[in-house]
$ cat upload.txt   # compact mmCIF, C-alpha atoms and all ligand atoms
# COMPACT_ATOMS: atom_id res chain seq x y z
CA LEU A 80 6.06 14.65 -31.72
CA ALA A 81 9.46 14.62 -33.40
CA ALA A 82 10.31 17.97 -31.82
CA LEU A 83 9.97 16.53 -28.33
CA GLY A 84 10.50 12.82 -28.81
CA ASN A 85 14.27 12.35 -28.63
CA GLU A 86 14.31 11.08 -25.07
CA CYS A 87 11.00 9.77 -23.77
CA LEU A 88 9.96 7.54 -20.91
CA GLY A 89 10.96 3.96 -21.59
CA ALA A 90 12.81 2.87 -24.73
CA ILE A 91 10.78 4.78 -27.30
CA ARG A 92 12.22 7.59 -29.42
CA ILE A 93 10.19 9.61 -31.88
CA VAL A 94 12.40 11.28 -34.48
CA ASP A 95 12.07 12.98 -37.83
CA ASN A 96 13.91 10.92 -40.45
CA GLU A 97 14.00 13.89 -42.81
CA ALA A 98 15.69 16.19 -40.31
CA ALA A 99 19.45 16.47 -39.87
CA ILE A 100 20.81 13.98 -37.35
CA PRO A 101 21.43 15.93 -34.13
CA VAL A 102 24.88 15.76 -32.59
CA THR A 103 24.92 13.34 -29.70
CA SER A 104 26.79 14.59 -26.66
CA TYR A 105 26.68 15.37 -22.95
CA LYS A 106 27.13 19.05 -22.23
CA LEU A 107 28.23 20.13 -18.76
CA LEU A 108 25.61 22.26 -17.01
CA GLN A 109 26.72 25.30 -15.04
CA ASP A 110 25.34 25.95 -11.55
CA ALA A 111 23.45 28.97 -12.90
CA GLU A 112 21.65 26.76 -15.41
CA ILE A 113 20.60 24.34 -12.68
CA LYS A 114 19.42 27.29 -10.63
CA ALA A 115 17.34 28.58 -13.54
CA LEU A 116 15.72 25.17 -13.74
CA ALA A 117 14.59 25.42 -10.14
CA GLN A 118 12.59 28.55 -10.84
CA GLU A 119 9.28 27.32 -12.09
CA GLY A 120 7.98 29.14 -15.11
CA ALA A 121 11.35 30.71 -15.80
CA THR A 122 11.84 30.96 -19.54
CA GLU A 123 15.29 29.43 -19.34
CA SER A 124 14.03 26.20 -17.86
CA VAL A 125 11.28 25.98 -20.44
CA GLN A 126 13.88 26.58 -23.11
CA LEU A 127 16.03 23.83 -21.69
CA ILE A 128 13.13 21.41 -21.73
CA THR A 129 12.26 22.29 -25.32
CA LYS A 130 15.87 22.24 -26.40
CA SER A 131 16.43 18.82 -24.91
CA HIS A 132 13.60 17.31 -26.97
CA LEU A 133 12.53 15.44 -23.89
CA SER A 134 9.01 14.27 -23.49
CA LEU A 135 8.24 13.20 -19.96
CA THR A 136 4.59 12.92 -18.99
CA GLY A 137 3.11 14.34 -15.78
CA ALA A 138 1.91 17.60 -14.33
CA SER A 139 5.08 19.08 -12.87
CA GLY A 140 7.84 20.73 -14.88
CA LYS A 141 10.60 18.22 -15.36
CA VAL A 142 13.64 17.45 -17.44
CA GLY A 143 15.82 14.41 -18.09
CA LEU A 144 19.48 15.05 -17.23
CA TYR A 145 22.66 13.03 -16.86
CA TYR A 146 24.18 12.96 -13.38
CA GLU A 147 27.67 11.82 -12.52
CA PRO A 148 27.74 10.94 -8.81
CA GLU A 149 31.54 11.04 -8.40
CA SER A 150 31.95 14.62 -9.57
CA LYS A 151 28.39 15.60 -8.57
CA LYS A 152 28.09 17.26 -11.98
CA TRP A 153 25.00 17.54 -14.14
CA PHE A 154 25.08 17.17 -17.92
CA PHE A 155 22.61 18.00 -20.58
CA PRO A 156 21.93 15.11 -23.01
CA GLU A 157 21.90 16.21 -26.64
CA GLY A 158 20.91 14.27 -29.73
CA ASN A 159 20.49 10.58 -28.99
CA ALA A 160 22.21 10.70 -25.57
CA PRO A 161 20.10 9.10 -22.81
CA SER A 162 19.49 10.80 -19.47
CA THR A 163 20.06 9.09 -16.12
CA HIS A 164 17.82 11.19 -13.85
CA ILE A 165 14.45 12.89 -13.97
CA VAL A 166 14.65 16.29 -12.32
CA LYS A 167 11.38 17.86 -11.16
CA GLN A 168 10.77 21.47 -10.26
CA SER A 169 8.99 22.82 -7.21
CA HIS A 170 5.43 23.90 -7.71
CA ILE A 171 4.23 27.44 -7.12
CA ARG A 172 0.89 26.27 -5.75
CA LEU A 173 2.08 23.23 -3.81
CA LYS A 174 4.47 24.56 -1.19
CA LYS A 175 7.52 22.50 -0.35
CA ILE A 176 6.46 19.69 -2.66
CA VAL A 177 10.07 18.66 -3.31
CA ALA A 178 10.75 18.04 0.39
CA ASN A 179 7.32 16.43 0.72
CA GLU A 180 8.07 13.94 -2.07
CA GLN A 181 11.53 13.12 -0.72
CA LEU A 182 10.10 12.60 2.79
CA CYS A 183 7.41 10.28 1.41
CA MET A 184 9.89 8.31 -0.72
CA LEU A 185 12.32 7.80 2.18
CA THR A 186 9.46 6.77 4.46
CA ALA A 187 8.25 4.27 1.84
CA LYS A 188 11.76 2.88 1.57
CA ASN A 189 11.99 2.47 5.35
CA LEU A 190 8.79 0.41 5.15
CA GLY A 191 10.29 -1.96 2.59
CA ILE A 192 8.74 -0.47 -0.56
CA GLU A 193 11.04 -0.59 -3.58
CA ILE A 194 11.76 2.95 -4.79
CA PRO A 195 14.31 4.49 -7.15
CA GLU A 196 17.09 6.37 -5.40
CA SER A 197 16.23 10.07 -5.14
CA PHE A 198 17.71 13.21 -3.63
CA ILE A 199 17.10 16.93 -3.30
CA VAL A 200 19.22 19.27 -5.39
CA ASN A 201 19.79 22.45 -3.45
CA VAL A 202 20.73 25.30 -5.74
CA GLY A 203 22.20 27.25 -2.89
CA SER A 204 19.85 30.12 -2.12
CA ASP A 205 17.81 30.51 1.05
CA ASN A 206 14.56 30.22 -0.81
CA LYS A 207 12.96 26.98 0.29
CA GLU A 208 11.27 26.60 -3.09
CA ASP A 209 14.60 26.89 -4.86
CA ILE A 210 15.25 23.20 -4.83
CA LEU A 211 14.78 20.34 -7.26
CA PHE A 212 13.78 16.70 -6.84
CA ALA A 213 16.08 14.29 -8.65
CA THR A 214 15.20 10.63 -9.14
CA ARG A 215 17.44 8.04 -10.74
CA ARG A 216 15.73 6.58 -13.79
CA TYR A 217 14.85 2.92 -13.32
CA ASP A 218 14.43 2.71 -17.11
CA ARG A 219 18.11 3.52 -17.70
CA LYS A 220 20.81 0.96 -16.87
CA PHE A 221 24.56 0.56 -17.36
CA ASP A 222 26.33 -2.47 -18.82
CA ASP A 223 29.91 -3.48 -18.00
CA ASP A 224 30.74 -2.65 -21.60
CA SER A 225 28.69 0.56 -21.84
CA ALA A 226 29.79 2.98 -24.55
CA VAL A 227 31.58 6.15 -23.39
CA LEU A 228 30.59 9.63 -24.60
CA ASN A 229 32.41 12.80 -23.52
CA GLY A 230 34.11 10.70 -20.85
CA LEU A 231 30.76 9.53 -19.45
CA ARG A 232 29.33 6.02 -19.54
CA VAL A 233 26.20 5.83 -21.66
CA PRO A 234 23.25 3.89 -20.22
CA TYR A 235 20.86 1.82 -22.32
CA ARG A 236 17.10 2.29 -22.35
CA LEU A 237 14.60 -0.12 -20.84
CA HIS A 238 11.01 0.10 -21.91
CA GLN A 239 8.26 1.12 -19.49
CA GLU A 240 4.54 1.45 -19.89
CA ASP A 241 2.22 3.04 -17.36
CA PHE A 242 -0.92 1.27 -16.16
CA ALA A 243 -3.25 3.56 -18.10
CA GLN A 244 -1.42 2.64 -21.30
CA ALA A 245 -1.26 -1.05 -20.38
CA LEU A 246 -4.97 -1.16 -19.51
CA GLY A 247 -6.04 0.89 -22.52
CA ILE A 248 -7.45 3.65 -20.31
CA ALA A 249 -7.20 7.21 -21.67
CA ALA A 250 -4.98 9.63 -19.73
CA GLY A 251 -8.07 11.78 -19.05
CA ASP A 252 -9.59 8.87 -17.13
CA LYS A 253 -6.57 8.25 -14.91
CA TYR A 254 -8.65 8.94 -11.78
CA GLU A 255 -11.14 6.16 -11.08
CA LYS A 256 -14.79 7.12 -11.07
CA ASN A 257 -18.09 5.30 -10.58
CA GLY A 258 -16.63 2.12 -9.15
CA ALA A 259 -14.47 1.33 -12.19
CA ALA A 260 -12.37 -1.00 -9.97
CA TYR A 261 -8.94 0.20 -11.10
CA LEU A 262 -7.12 -1.68 -8.36
CA LYS A 263 -8.74 -4.97 -9.32
CA ARG A 264 -7.93 -4.32 -12.98
CA SER A 265 -4.35 -3.42 -12.05
CA MET A 266 -3.97 -6.63 -10.06
CA ASN A 267 -5.38 -8.61 -13.01
CA LEU A 268 -2.88 -6.88 -15.30
CA LEU A 269 -0.01 -8.08 -13.08
CA ARG A 270 -1.58 -11.54 -12.85
CA SER A 271 -1.64 -11.79 -16.65
CA PHE A 272 1.65 -10.16 -17.60
CA SER A 273 4.13 -9.93 -14.71
CA SER A 274 7.02 -12.38 -14.69
CA ASP A 275 6.52 -12.67 -10.92
CA PRO A 276 2.79 -12.04 -10.51
CA ILE A 277 2.51 -12.87 -6.81
CA ALA A 278 5.43 -10.72 -5.70
CA ASP A 279 4.28 -7.81 -7.86
CA GLN A 280 0.67 -7.95 -6.67
CA LEU A 281 1.90 -7.80 -3.08
CA LYS A 282 4.15 -4.87 -3.97
CA LEU A 283 1.16 -3.06 -5.44
CA TRP A 284 -0.92 -3.86 -2.36
CA ASP A 285 1.80 -2.36 -0.14
CA ILE A 286 1.96 0.77 -2.32
CA CYS A 287 -1.83 1.22 -1.96
CA ILE A 288 -1.66 0.86 1.83
CA PHE A 289 1.20 3.35 1.95
CA ASP A 290 -0.58 5.90 -0.29
CA TYR A 291 -3.52 5.76 2.11
CA LEU A 292 -1.43 6.09 5.28
CA VAL A 293 0.72 8.94 3.96
CA GLY A 294 -2.28 10.74 2.45
CA ASN A 295 -1.42 10.53 -1.24
CA THR A 296 -4.75 10.94 -3.02
CA ASP A 297 -2.99 11.49 -6.35
CA ASN A 298 -2.30 7.74 -6.68
CA HIS A 299 -3.71 7.49 -10.20
CA ILE A 300 -2.93 4.70 -12.65
CA LYS A 301 -0.30 6.73 -14.53
CA ASN A 302 1.69 6.68 -11.29
CA LEU A 303 2.13 2.92 -11.68
CA SER A 304 4.18 1.35 -14.46
CA LEU A 305 5.35 -1.91 -15.94
CA LEU A 306 9.08 -2.17 -16.56
CA TYR A 307 10.36 -4.43 -19.34
CA SER A 308 13.68 -6.30 -19.42
CA LYS A 309 16.22 -5.38 -22.09
CA ASP A 310 15.08 -8.24 -24.36
CA LEU A 311 11.43 -7.26 -23.68
CA LYS A 312 10.72 -10.82 -22.57
CA SER A 313 10.17 -10.19 -18.89
CA ILE A 314 7.84 -7.65 -17.29
CA ARG A 315 7.83 -6.47 -13.68
CA LEU A 316 6.03 -3.80 -11.68
CA ALA A 317 8.30 -0.73 -11.78
CA PRO A 318 9.53 0.70 -8.45
CA ALA A 319 7.13 3.11 -6.72
CA TYR A 320 7.38 6.77 -7.80
CA ASP A 321 5.54 10.10 -7.51
CA ILE A 322 4.43 9.59 -3.92
CA VAL A 323 3.50 12.92 -2.37
CA SER A 324 1.27 13.58 0.62
CA THR A 325 -1.36 15.64 -1.16
CA MET A 326 -3.55 15.77 1.98
CA VAL A 327 -1.20 18.31 3.56
CA TYR A 328 -2.43 20.86 0.99
CA ASP A 329 -5.70 22.55 1.94
CA ASN A 330 -7.12 22.53 -1.56
CA SER A 331 -6.31 18.86 -2.23
CA THR A 332 -9.07 16.40 -3.00
CA GLU A 333 -9.87 13.92 -0.24
CA ASP A 334 -10.83 11.32 -2.83
CA MET A 335 -8.25 8.65 -3.54
CA ALA A 336 -7.62 8.03 -7.24
CA MET A 337 -8.52 4.36 -6.72
CA SER A 338 -11.36 3.24 -4.49
CA ILE A 339 -10.59 0.95 -1.57
CA GLY A 340 -13.45 -1.38 -0.62
CA GLY A 341 -15.79 0.81 -2.68
CA ILE A 342 -14.81 4.04 -0.90
CA TYR A 343 -13.01 7.05 -2.39
CA ASN A 344 -12.82 9.56 0.47
CA ILE A 345 -9.63 8.93 2.40
CA ASN A 346 -11.30 9.95 5.66
CA ASP A 347 -13.90 7.20 5.23
CA ILE A 348 -11.41 4.46 4.32
CA ASP A 349 -10.40 2.17 7.19
CA ARG A 350 -9.03 -1.31 7.88
CA LYS A 351 -12.45 -2.79 7.05
CA ALA A 352 -12.34 -1.13 3.62
CA PHE A 353 -8.97 -2.77 2.97
CA GLU A 354 -10.45 -6.07 4.09
CA ARG A 355 -13.27 -5.70 1.53
CA GLU A 356 -10.77 -4.66 -1.13
CA ALA A 357 -8.60 -7.70 -0.39
CA LEU A 358 -11.55 -9.97 -1.12
CA ASN A 359 -12.39 -7.89 -4.19
CA VAL A 360 -8.91 -8.37 -5.70
CA GLY A 361 -8.81 -12.03 -4.73
CA PHE A 362 -6.35 -11.89 -1.81
CA GLY A 363 -6.61 -13.97 1.34
CA LYS A 364 -7.99 -11.72 4.08
CA ASN A 365 -5.43 -12.65 6.74
CA MET A 366 -2.42 -12.20 4.51
CA ALA A 367 -3.67 -8.87 3.13
CA LEU A 368 -4.46 -7.45 6.58
CA LYS A 369 -1.13 -8.65 7.93
CA HIS A 370 0.51 -6.34 5.39
CA PHE A 371 -1.82 -3.52 6.48
CA ASP A 372 -1.13 -3.99 10.20
CA LYS A 373 2.60 -4.25 9.67
CA MET A 374 2.72 -1.02 7.72
CA VAL A 375 0.58 0.81 10.29
CA ALA A 376 2.83 -0.47 13.10
CA GLY A 377 6.02 0.64 11.34
CA PHE A 378 4.80 3.95 9.93
CA CYS A 379 5.79 6.34 12.73
CA ASP A 380 9.31 4.96 13.05
CA ALA A 381 9.72 5.05 9.29
CA ILE A 382 8.65 8.68 8.95
CA ASP A 383 10.67 9.73 12.02
CA LYS A 384 13.79 8.19 10.53
CA ALA A 385 13.14 9.75 7.12
CA SER A 386 12.52 13.23 8.52
CA PHE A 387 15.59 12.96 10.75
CA THR A 388 17.70 12.18 7.67
CA LEU A 389 16.35 15.22 5.82
CA MET A 390 16.60 17.52 8.83
CA SER A 391 20.24 16.58 9.28
CA GLN A 392 20.76 17.58 5.65
CA GLY A 393 19.49 21.07 6.49
CA PHE A 394 15.82 20.69 5.58
CA GLU A 395 14.52 21.39 9.10
CA TYR A 396 11.08 22.28 7.80
CA VAL A 397 10.28 18.64 6.91
CA ASP A 398 9.33 18.26 10.58
CA VAL A 399 6.26 20.40 9.87
CA ILE A 400 5.36 18.27 6.83
CA LYS A 401 5.76 15.15 8.98
CA GLN A 402 3.36 16.52 11.62
CA GLU A 403 0.84 17.38 8.91
CA ILE A 404 1.07 13.88 7.44
CA LEU A 405 0.43 12.36 10.87
CA GLN A 406 -2.61 14.66 11.26
CA LYS A 407 -4.09 14.35 7.78
CA GLY A 408 -2.95 11.05 6.23
CA GLY A 409 -4.85 7.79 6.76
CA ILE A 410 -2.37 7.05 9.56
CA LYS A 411 -4.17 9.57 11.83
CA SER A 412 -6.84 6.99 12.70
CA TYR A 413 -4.28 4.59 14.18
CA LEU A 414 -2.26 6.91 16.42
N1 LIG A 501 12.72 7.21 -11.24
C1 LIG A 501 12.07 7.10 -12.40
N2 LIG A 501 12.57 6.34 -13.40
C2 LIG A 501 11.93 6.22 -14.57
N3 LIG A 501 10.76 6.82 -14.86
C3 LIG A 501 10.21 7.59 -13.91
C4 LIG A 501 10.82 7.77 -12.64
N4 LIG A 501 10.04 8.60 -11.90
C5 LIG A 501 9.00 8.92 -12.69
N5 LIG A 501 9.08 8.31 -13.89
C6 LIG A 501 8.17 8.40 -15.04
O1 LIG A 501 7.94 9.75 -15.32
C7 LIG A 501 6.54 10.04 -15.29
C8 LIG A 501 6.32 11.38 -14.63
O2 LIG A 501 6.91 11.38 -13.33
P1 LIG A 501 6.03 11.77 -12.07
O3 LIG A 501 4.82 10.94 -12.03
O4 LIG A 501 6.94 11.69 -10.89
O5 LIG A 501 5.69 13.29 -12.42
P2 LIG A 501 4.50 14.24 -12.03
O6 LIG A 501 4.57 15.38 -12.95
O7 LIG A 501 4.58 14.51 -10.58
O8 LIG A 501 3.22 13.40 -12.32
P3 LIG A 501 1.67 13.73 -12.03
O9 LIG A 501 1.10 14.21 -13.31
O10 LIG A 501 1.19 12.38 -11.64
O11 LIG A 501 1.62 14.73 -10.92
C9 LIG A 501 5.93 8.91 -14.49
O12 LIG A 501 4.61 8.64 -14.89
C10 LIG A 501 6.86 7.74 -14.76
O13 LIG A 501 6.44 7.03 -15.92
MG MG A 502 2.91 11.21 -11.91
$ encode --input "upload.txt" --output "structure tokens"
Amino acid sequence: LAALGNECLGAIRIVDNEAAIPVTSYKLLQDAEIKALAQEGATESVQLITKSHLSLTGASGKVGLYYEPESKKWFFPEGNAPSTHIVKQSHIRLKKIVANEQLCMLTAKNLGIEIPESFIVNVGSDNKEDILFATRRYDRKFDDDSAVLNGLRVPYRLHQEDFAQALGIAAGDKYEKNGAAYLKRSMNLLRSFSSDPIADQLKLWDICIFDYLVGNTDNHIKNLSLLYSKDLKSIRLAPAYDIVSTMVYDNSTEDMAMSIGGIYNINDIDRKAFEREALNVGFGKNMALKHFDKMVAGFCDAIDKASFTLMSQGFEYVDVIKQEILQKGGIKSYL
């Protein structure tokens, strides 16, 4: 744990008190090093991840780095230095997943869902898989009087806890099975602990509707988190993250990670299922379905706008992903 626990998710650090204190600094990364990171499985990127002592959960290869927007430079945090961005690699088996995630995130944003700012890092070759997904960490913030290290402002760490941790559900059980009612339990969690329970429950409801429409069946409870304030006294639902249309991949499961109205298979879920789920989680039917109808009505415009943005940045192939989402996501039933 100590070998990988220097910079974790949230405000936790796991360190070895016996070991020499590592030098804290930000080291400028060369373009070649960023490029090596983009090549999944490349030993250099694995070395970088190990060397950084970063422990970030999840299935895809990822690393925490410091990004300075003005100079567009990337830095490698050493010792106790916090990162500002999580940088995810492409996936050999899931083609164009970086563009897919960015398209989904921008579409979500256009529909009013709170997301962390994210962008695609293009390492300059023609290979469409040679790109990285960078997302600004919502658990890192700057103060007016932030310390400065190697000429860079140092953020502080906010604590976060994913829903599996908060609900005491083992990581191996992150996909709901046998009617375990994860959405209801998640809503109850927000009801009990959020500092703005009504707003956060509605945010979660919107995220669930969006996951269905965009075809994200990987919407498990480790893809939802609670974010704590600096003094740990206030708790809010963290912004939405890790939204990918998994349905565009032929080998993807059609079962959502949380049942809606008792149904798992995305192709069997419909407005009626959301109506049942609304009653199940204790929402008024009219209010809950108003959110559903509004998101359905705005979906096509939102995804058009998002894909246009990405296409004008040179990622023309997102148009294909968009078409696949419209054919395979929950949205297909309403076109
Ligand atoms: N912008 C962000 N700010 C802070 N923490 C984040 C951010 N994005 C993701 N995380 C955290 O990092 C973890 C891993 O990220 P993410 O879920 O995107 O990776 P993944 O490997 O695709 O996950 P999965 O195993 O679900 O496929 C998340 O569970 C979340 O706690
Ligand atoms: Mg995840």
$ residues_near_ligand --input "upload.txt" --ligand "ligand LIG 501 (chain A)" --cutoff "8 Å" --atoms "all atoms listed in the file" --output "number ranges by chain"
A: 88-89, 135-141, 164-165, 167, 194-197, 214-219, 239-241, 297-299, 301-304, 318, 320-322
$ atom_distance --input "upload.txt" --atom1 "CA of Leu228 (chain A)" --atom2 "CA of Thr103 (chain A)"
8.5 Å
$ residues_around --input "upload.txt" --residues "Gly258 (chain A)" --least-positions-apart "2" --cutoff "9 Å" --atoms "only C-alpha atoms" --output "PyMOL selection string"
chain A and resi 255-256+260-261+337-338+341-342
$ write_last_selection --input "upload.txt" --atoms "C-alpha atoms" --output "compact mmCIF listing (two decimals), keeping the file's coordinate frame"
# COMPACT_ATOMS: atom_id res chain seq x y z
CA GLU A 255 -11.14 6.16 -11.08
CA LYS A 256 -14.79 7.12 -11.07
CA ALA A 260 -12.37 -1.00 -9.97
CA TYR A 261 -8.94 0.20 -11.10
CA MET A 337 -8.52 4.36 -6.72
CA SER A 338 -11.36 3.24 -4.49
CA GLY A 341 -15.79 0.81 -2.68
CA ILE A 342 -14.81 4.04 -0.90
$ atom_distance --input "upload.txt" --atom1 "CA of Phe198 (chain A)" --atom2 "CA of Glu157 (chain A)"
23.6 Å
$ atom_distance --input "upload.txt" --atom1 "CA of Pro234 (chain A)" --atom2 "CA of Phe272 (chain A)"
25.9 Å
$ residues_around --input "upload.txt" --residues "Tyr307 (chain A)" --least-positions-apart "4" --cutoff "7 Å" --atoms "all atoms listed in the file" --output "ChimeraX atom specification"
/A:237-239,311,313-315
$ closest_residue --input "upload.txt" --among "A:Lys114, A:Arg232, A:Arg264, A:His370" --to "Ile210 (chain A)" --atoms "all atoms listed in the file"
A:Lys114
$ residues_around --input "upload.txt" --residues "Asn344 (chain A)" --least-positions-apart "3" --cutoff "10 Å" --atoms "all atoms listed in the file" --output "VMD selection string"
chain A and resid 296 332 to 339 341 347 to 348
$ closest_residue --input "upload.txt" --among "A:Leu231, A:Ala98, A:Ile113, A:Leu269" --to "Pro161 (chain A)" --atoms "all atoms listed in the file"
A:Leu231
$ closest_residue --input "upload.txt" --among "A:Glu180, A:Asp380, A:Asp222, A:Asp372" --to "ligand MG 502 (chain A)" --atoms "all atoms listed in the file"
A:Glu180
$ closest_residue --input "upload.txt" --among "A:Lys253, A:Lys263, A:Arg350, A:Lys407" --to "Asp329 (chain A)" --atoms "all atoms listed in the file"
A:Lys407
$ closest_residue --input "upload.txt" --among "A:Val177, A:Arg236, A:Cys183, A:Glu112" --to "Ser162 (chain A)" --atoms "all atoms listed in the file"
A:Arg236
$ residues_around --input "upload.txt" --residues "Ile199 (chain A)" --least-positions-apart "6" --cutoff "8 Å" --atoms "all atoms listed in the file" --output "ChimeraX atom specification"
/A:177-178,181,210-213
$ closest_residue --input "upload.txt" --among "A:Asn229, A:Gln392, A:Asn365, A:Asn295" --to "ligand MG 502 (chain A)" --atoms "only C-alpha atoms and all ligand atoms"
A:Asn295
$ residues_around --input "upload.txt" --residues "region 279-293 of chain A" --least-positions-apart "4" --cutoff "6 Å" --atoms "only C-alpha atoms" --output "PyMOL selection string"
chain A and resi 266+316+324+408-410
$ residues_near_point --input "upload.txt" --point "(14.7, 14.6, 7.3)" --cutoff "12 Å" --atoms "only C-alpha atoms" --output "number ranges by chain"
A: 178-186, 198-199, 381-401
$ decode --input "upload.txt" --residues "region 302-326 of chain A" --atoms "N, CA and C atoms" --output "PDB file, in the first residue's frame"
ATOM      1  N   ASN A 302     -18.864   4.288  -9.866  1.00  0.00           N
ATOM      2  CA  ASN A 302     -18.834   5.442 -10.756  1.00  0.00           C
ATOM      3  C   ASN A 302     -19.709   6.578 -10.240  1.00  0.00           C
ATOM      4  N   LEU A 303     -20.009   6.522  -8.941  1.00  0.00           N
ATOM      5  CA  LEU A 303     -20.699   7.614  -8.250  1.00  0.00           C
ATOM      6  C   LEU A 303     -19.930   7.863  -6.962  1.00  0.00           C
ATOM      7  N   SER A 304     -19.757   9.136  -6.611  1.00  0.00           N
ATOM      8  CA  SER A 304     -18.995   9.420  -5.388  1.00  0.00           C
ATOM      9  C   SER A 304     -19.598  10.560  -4.582  1.00  0.00           C
ATOM     10  N   LEU A 305     -19.251  10.543  -3.301  1.00  0.00           N
ATOM     11  CA  LEU A 305     -19.543  11.665  -2.413  1.00  0.00           C
ATOM     12  C   LEU A 305     -18.282  12.513  -2.327  1.00  0.00           C
ATOM     13  N   LEU A 306     -18.452  13.819  -2.356  1.00  0.00           N
ATOM     14  CA  LEU A 306     -17.317  14.731  -2.259  1.00  0.00           C
ATOM     15  C   LEU A 306     -17.467  15.556  -0.978  1.00  0.00           C
ATOM     16  N   TYR A 307     -16.420  15.547  -0.166  1.00  0.00           N
ATOM     17  CA  TYR A 307     -16.454  16.248   1.123  1.00  0.00           C
ATOM     18  C   TYR A 307     -15.877  17.655   0.974  1.00  0.00           C
ATOM     19  N   SER A 308     -16.353  18.577   1.835  1.00  0.00           N
ATOM     20  CA  SER A 308     -15.752  19.913   1.866  1.00  0.00           C
ATOM     21  C   SER A 308     -14.407  19.814   2.587  1.00  0.00           C
ATOM     22  N   LYS A 309     -13.626  20.902   2.505  1.00  0.00           N
ATOM     23  CA  LYS A 309     -12.291  20.898   3.090  1.00  0.00           C
ATOM     24  C   LYS A 309     -12.326  20.555   4.586  1.00  0.00           C
ATOM     25  N   ASP A 310     -13.312  21.103   5.295  1.00  0.00           N
ATOM     26  CA  ASP A 310     -13.411  20.835   6.746  1.00  0.00           C
ATOM     27  C   ASP A 310     -14.163  19.532   7.041  1.00  0.00           C
ATOM     28  N   LEU A 311     -14.486  18.785   6.018  1.00  0.00           N
ATOM     29  CA  LEU A 311     -15.181  17.486   6.104  1.00  0.00           C
ATOM     30  C   LEU A 311     -16.600  17.592   6.666  1.00  0.00           C
ATOM     31  N   LYS A 312     -17.098  18.826   6.810  1.00  0.00           N
ATOM     32  CA  LYS A 312     -18.406  18.979   7.455  1.00  0.00           C
ATOM     33  C   LYS A 312     -19.557  18.891   6.469  1.00  0.00           C
ATOM     34  N   SER A 313     -19.279  19.173   5.206  1.00  0.00           N
ATOM     35  CA  SER A 313     -20.386  19.108   4.249  1.00  0.00           C
ATOM     36  C   SER A 313     -20.077  18.061   3.176  1.00  0.00           C
ATOM     37  N   ILE A 314     -21.125  17.386   2.742  1.00  0.00           N
ATOM     38  CA  ILE A 314     -20.984  16.297   1.763  1.00  0.00           C
ATOM     39  C   ILE A 314     -21.945  16.538   0.613  1.00  0.00           C
ATOM     40  N   ARG A 315     -21.428  16.434  -0.624  1.00  0.00           N
ATOM     41  CA  ARG A 315     -22.288  16.573  -1.796  1.00  0.00           C
ATOM     42  C   ARG A 315     -22.013  15.417  -2.766  1.00  0.00           C
ATOM     43  N   LEU A 316     -22.974  15.170  -3.650  1.00  0.00           N
ATOM     44  CA  LEU A 316     -22.737  14.226  -4.734  1.00  0.00           C
ATOM     45  C   LEU A 316     -21.646  14.826  -5.623  1.00  0.00           C
ATOM     46  N   ALA A 317     -20.621  14.052  -5.926  1.00  0.00           N
ATOM     47  CA  ALA A 317     -19.542  14.536  -6.796  1.00  0.00           C
ATOM     48  C   ALA A 317     -20.083  14.709  -8.226  1.00  0.00           C
ATOM     49  N   PRO A 318     -19.434  15.544  -9.033  1.00  0.00           N
ATOM     50  CA  PRO A 318     -19.848  15.651 -10.445  1.00  0.00           C
ATOM     51  C   PRO A 318     -19.824  14.281 -11.124  1.00  0.00           C
ATOM     52  N   ALA A 319     -20.566  14.162 -12.220  1.00  0.00           N
ATOM     53  CA  ALA A 319     -20.639  12.875 -12.938  1.00  0.00           C
ATOM     54  C   ALA A 319     -19.324  12.591 -13.653  1.00  0.00           C
ATOM     55  N   TYR A 320     -18.869  11.329 -13.630  1.00  0.00           N
ATOM     56  CA  TYR A 320     -17.624  10.967 -14.316  1.00  0.00           C
ATOM     57  C   TYR A 320     -17.760   9.562 -14.897  1.00  0.00           C
ATOM     58  N   ASP A 321     -16.784   9.179 -15.707  1.00  0.00           N
ATOM     59  CA  ASP A 321     -16.732   7.834 -16.305  1.00  0.00           C
ATOM     60  C   ASP A 321     -18.023   7.460 -17.037  1.00  0.00           C
ATOM     61  N   ILE A 322     -18.499   8.363 -17.872  1.00  0.00           N
ATOM     62  CA  ILE A 322     -19.679   8.057 -18.679  1.00  0.00           C
ATOM     63  C   ILE A 322     -19.213   7.735 -20.097  1.00  0.00           C
ATOM     64  N   VAL A 323     -19.413   6.489 -20.478  1.00  0.00           N
ATOM     65  CA  VAL A 323     -18.996   5.992 -21.782  1.00  0.00           C
ATOM     66  C   VAL A 323     -20.175   5.225 -22.359  1.00  0.00           C
ATOM     67  N   SER A 324     -20.450   5.378 -23.647  1.00  0.00           N
ATOM     68  CA  SER A 324     -21.489   4.549 -24.243  1.00  0.00           C
ATOM     69  C   SER A 324     -20.920   3.164 -24.506  1.00  0.00           C
ATOM     70  N   THR A 325     -21.182   2.245 -23.584  1.00  0.00           N
ATOM     71  CA  THR A 325     -20.646   0.889 -23.728  1.00  0.00           C
ATOM     72  C   THR A 325     -21.431   0.104 -24.780  1.00  0.00           C
ATOM     73  N   MET A 326     -22.673   0.514 -25.044  1.00  0.00           N
ATOM     74  CA  MET A 326     -23.523  -0.215 -25.997  1.00  0.00           C
ATOM     75  C   MET A 326     -22.987  -0.163 -27.424  1.00  0.00           C
TER      76      MET A 326
END
